[in-house]
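Just below is one structure, and these are the notes that go with it.
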Amino acid sequence: MPAVTADTLTLPRLALPPAEARIRAVRKVITAHRQTEGEGFVVRRPFPGMDLSLADPFLLLDHMGAVEYGPGEAKGAPWHPHRGFETVTYMLDGAFEHKDSTGGGGLLTEGATQWMTAGSGILHSELPPQEFVAKGGLFHGVQLWVNLPRSLKWTPPRYQDIGAGDVTLLSSHDGGALLRVIAGEFGDHKGPGVTWTPISYVHATLAPGSELTTLWPADFNALAYVLAGRGTVGPESRPVDEGQLAVFGPGDALALRAADRQDYHGRTGWEVLLIGGLPIREPIARYGPFVMNTKAEILQAFEDYQAGRLGVVEPDQVPHQTAADDALDQ
């Protein structure tokens with residue numbers, strides 16, 4: 001990790017924020033809890049589990065791995081439905097194969113992102129390819145759920161495949177940090193992700209002892225999740241380690257500093273996801289794979305799924321028992 005690297009000395013550099021910019025203080029640090037998903041793979045999940053108004057418009061963040069699978073051990077999430085939001089899957093190591101009821105999907109490899117808008121409803125599967133299952137290997141990825149406002153929950157499903165070579169690469173002002181901008185704007189630079197809900201999504205690698213201070217939209221919330229390594233965030237230098245999420249308060253800019261020593265699994269560098277977005281501030285009704293605004297809409301989603309109105313899977317790809325099925329059986 002990471003799959004996308006570059007010489008920071010050759011990249012466009014972010015300017016330091018002006019002196020009057022307000023560095024965001026840290027409201028809280030949350031340690032992700034571990035949970036089993038899909039066919040039995042473990043994820044680290046910092047939210048939900050906290051006040052979701054602090055994460056709005058985000059609904060869920062799952063950190064998958066890093067784990068070294070032996071032959072036959074890799075697992076995924078077989079066919080399941082979604083409605084009312086978007087899933088953003090970012091792969092750092094290994095591979096995931098996506099299929100859906102509209103014929104979309106594809107192979108997601110190292111450094112790539114797949115942005116799926118479930119919208120009005122879709123069935124899909126997320127599984128490691130058979131070659132990876134057979135051989136095993138290092139697997140590491142992240143999935144983020146992004147809410148859709150009421151006015152867009154019935155938008156038709158769509159995919160965006162963002163290849164490793166498509167991300168926008170930037171450097172911090174002194175070349176000490178590499179930023180991979182998947183979505184959002186930084187100064188004159190914009191990531192390739194096309195978003196319904198305004199968000200920023202960045203994977204940053206900070207060299208040991210280096211600092212990153214960058215402007216951040218004042219009307220966005222701001223979260224920093226540590227994928228690997230350790231460092232400090234905010235003007236108060238709050239420590240955050242692997243598997244922890246820092247939630248920031250109001251302000252115009254973010255400040256991060258990598259610890260002087262970074263040594264994990266033979267790699268160096270502090271790996272951090274920076275995410276933020278414009279809060280939707282609408283009622284949320286969610287159950288399993290559906291996120292709507294009212295309980296009646298959730299019940300309708302289950303009925304539509306059971307009736308086949310969220311999509312049809314070909315006979316040779318019959319869905320496994322899903323979270324939605326389990327809920328209906330209870």
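All residue names refer to the structure tokens as shown: chains lettered A, B, ... in order, residues numbered from 1 in each chain, ligands numbered from 1 in order.
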Check your understanding: Using only C-alpha atoms, which residues sit within 10 Å of region 300-310 of chain A once same-chain residues fewer than 6 positions away are excluded, as an MDAnalysis selection string?
Key -> chainID A and resid 80:84 101:102 118 120:123 287 289:292 294 324:325 327:328
Next, write the just-selected residues to a file, as an mmCIF file, in the first residue's frame, keeping C-alpha atoms as the atom set.
data_model
loop_
_atom_site.group_PDB
_atom_site.id
_atom_site.type_symbol
_atom_site.label_atom_id
_atom_site.label_comp_id
_atom_site.auth_asym_id
_atom_site.auth_seq_id
_atom_site.Cartn_x
_atom_site.Cartn_y
_atom_site.Cartn_z
ATOM 1 C CA HIS A 80 -27.693 -8.176 -2.066
ATOM 2 C CA PRO A 81 -29.923 -5.136 -2.716
ATOM 3 C CA HIS A 82 -29.463 -1.406 -2.132
ATOM 4 C CA ARG A 83 -31.693 1.637 -2.446
ATOM 5 C CA GLY A 84 -31.432 5.325 -1.567
ATOM 6 C CA SER A 101 -28.630 -6.550 -12.019
ATOM 7 C CA THR A 102 -28.248 -3.822 -14.684
ATOM 8 C CA ALA A 118 -27.943 2.574 -6.016
ATOM 9 C CA SER A 120 -34.010 3.765 -6.999
ATOM 10 C CA GLY A 121 -32.685 0.257 -6.425
ATOM 11 C CA ILE A 122 -30.201 -2.366 -7.582
ATOM 12 C CA LEU A 123 -28.943 -5.867 -6.825
ATOM 13 C CA TYR A 287 -32.652 -0.847 7.706
ATOM 14 C CA PRO A 289 -29.273 -2.298 2.742
ATOM 15 C CA PHE A 290 -31.899 0.452 2.405
ATOM 16 C CA VAL A 291 -31.624 4.116 3.405
ATOM 17 C CA MET A 292 -34.689 6.300 2.907
ATOM 18 C CA THR A 294 -39.446 7.338 6.269
ATOM 19 C CA ALA A 324 -32.674 -8.314 3.392
ATOM 20 C CA ASP A 325 -33.816 -11.944 3.198
ATOM 21 C CA ALA A 327 -34.776 -9.558 7.952
ATOM 22 C CA LEU A 328 -37.835 -10.789 6.045
#
Exercise for review: Please identify which residues in region 79-269 of chain A DSSP calls strand (DSSP E) from the backbone, and express them as a ChimeraX atom specification.
Suggested key: /A:79-82,85-93,96-100,105-108,113-117,122-127,137-147,158-162,168-171,177-183,185-186,189-190,199-206,211-215,223-228,230-233,238-241,244-248,253-258
Practice item. If you run DSSP over the backbone, which residues in region 44-268 of chain A end up alpha helix (DSSP H)? Put them as an NGL selection string. Key: :A and (130-135)
Residues at most 8 Å from Val43 (chain A), counting only C-alpha atoms, excluding those fewer than 4 positions away in the same chain, as a compact mmCIF listing (two decimals) with N, CA, C and O atoms, in the first residue's frame?
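result06.txt written:
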# COMPACT_ATOMS: atom_id res chain seq x y z
N ARG A 34 -15.00 -3.76 15.37
CA ARG A 34 -14.89 -4.84 14.39
C ARG A 34 -16.22 -5.54 14.23
O ARG A 34 -16.94 -5.78 15.20
N GLN A 35 -16.52 -5.88 12.97
CA GLN A 35 -17.81 -6.51 12.66
C GLN A 35 -17.63 -7.44 11.47
O GLN A 35 -16.82 -7.18 10.58
N THR A 36 -18.40 -8.53 11.47
CA THR A 36 -18.34 -9.49 10.36
C THR A 36 -19.40 -9.15 9.33
O THR A 36 -20.56 -8.88 9.67
N GLU A 37 -19.02 -9.15 8.06
CA GLU A 37 -19.93 -8.83 6.98
C GLU A 37 -19.88 -9.93 5.91
O GLU A 37 -18.98 -10.78 5.90
N ASP A 62 -16.47 1.33 6.10
CA ASP A 62 -15.94 0.00 6.40
C ASP A 62 -14.50 -0.09 5.90
O ASP A 62 -14.22 0.13 4.72
N HIS A 63 -13.60 -0.42 6.82
CA HIS A 63 -12.19 -0.63 6.51
C HIS A 63 -11.96 -2.13 6.42
O HIS A 63 -12.04 -2.84 7.43
N MET A 64 -11.68 -2.62 5.21
CA MET A 64 -11.53 -4.06 4.95
C MET A 64 -10.04 -4.40 4.92
O MET A 64 -9.33 -4.02 4.00
N GLY A 65 -9.57 -5.12 5.93
CA GLY A 65 -8.15 -5.45 5.98
C GLY A 65 -7.37 -4.37 6.72
O GLY A 65 -7.96 -3.58 7.45
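One finds CA of Asn147 (chain A) at 10.7 Å from CA of Arg286 (chain A).
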If you take only C-alpha atoms and a cut-off of 6 Å, which residues of region 28-118 of chain A touch region 237-260 of chain A, and what are their nearest atom pairs and distances in Å to one decimal, in chain and number order, as a tab-separated table?
residue	atom	partner	partner_atom	distance
A:Lys28	CA	A:Val247	CA	5.4
A:Val29	CA	A:Ala246	CA	4.5
A:Ile30	CA	A:Leu245	CA	5.1
A:Thr31	CA	A:Gln244	CA	4.4
A:Ala32	CA	A:Gly243	CA	5.6
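The shortest atom-to-atom distance to Val4 (chain A), with only C-alpha atoms taken into account, belongs to A:Glu110 out of A:Glu236, A:Asp174, A:Glu110, A:Glu297.
Going from CA of Glu271 (chain A) over to CA of Glu68 (chain A), you cover 18.3 Å.
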Exercise for review: Could you tell me which of A:Ala183, A:Val233, A:Leu60, A:Ile199 comes closest to Gln143 (chain A) if we count only C-alpha atoms?
Suggested key: A:Leu60
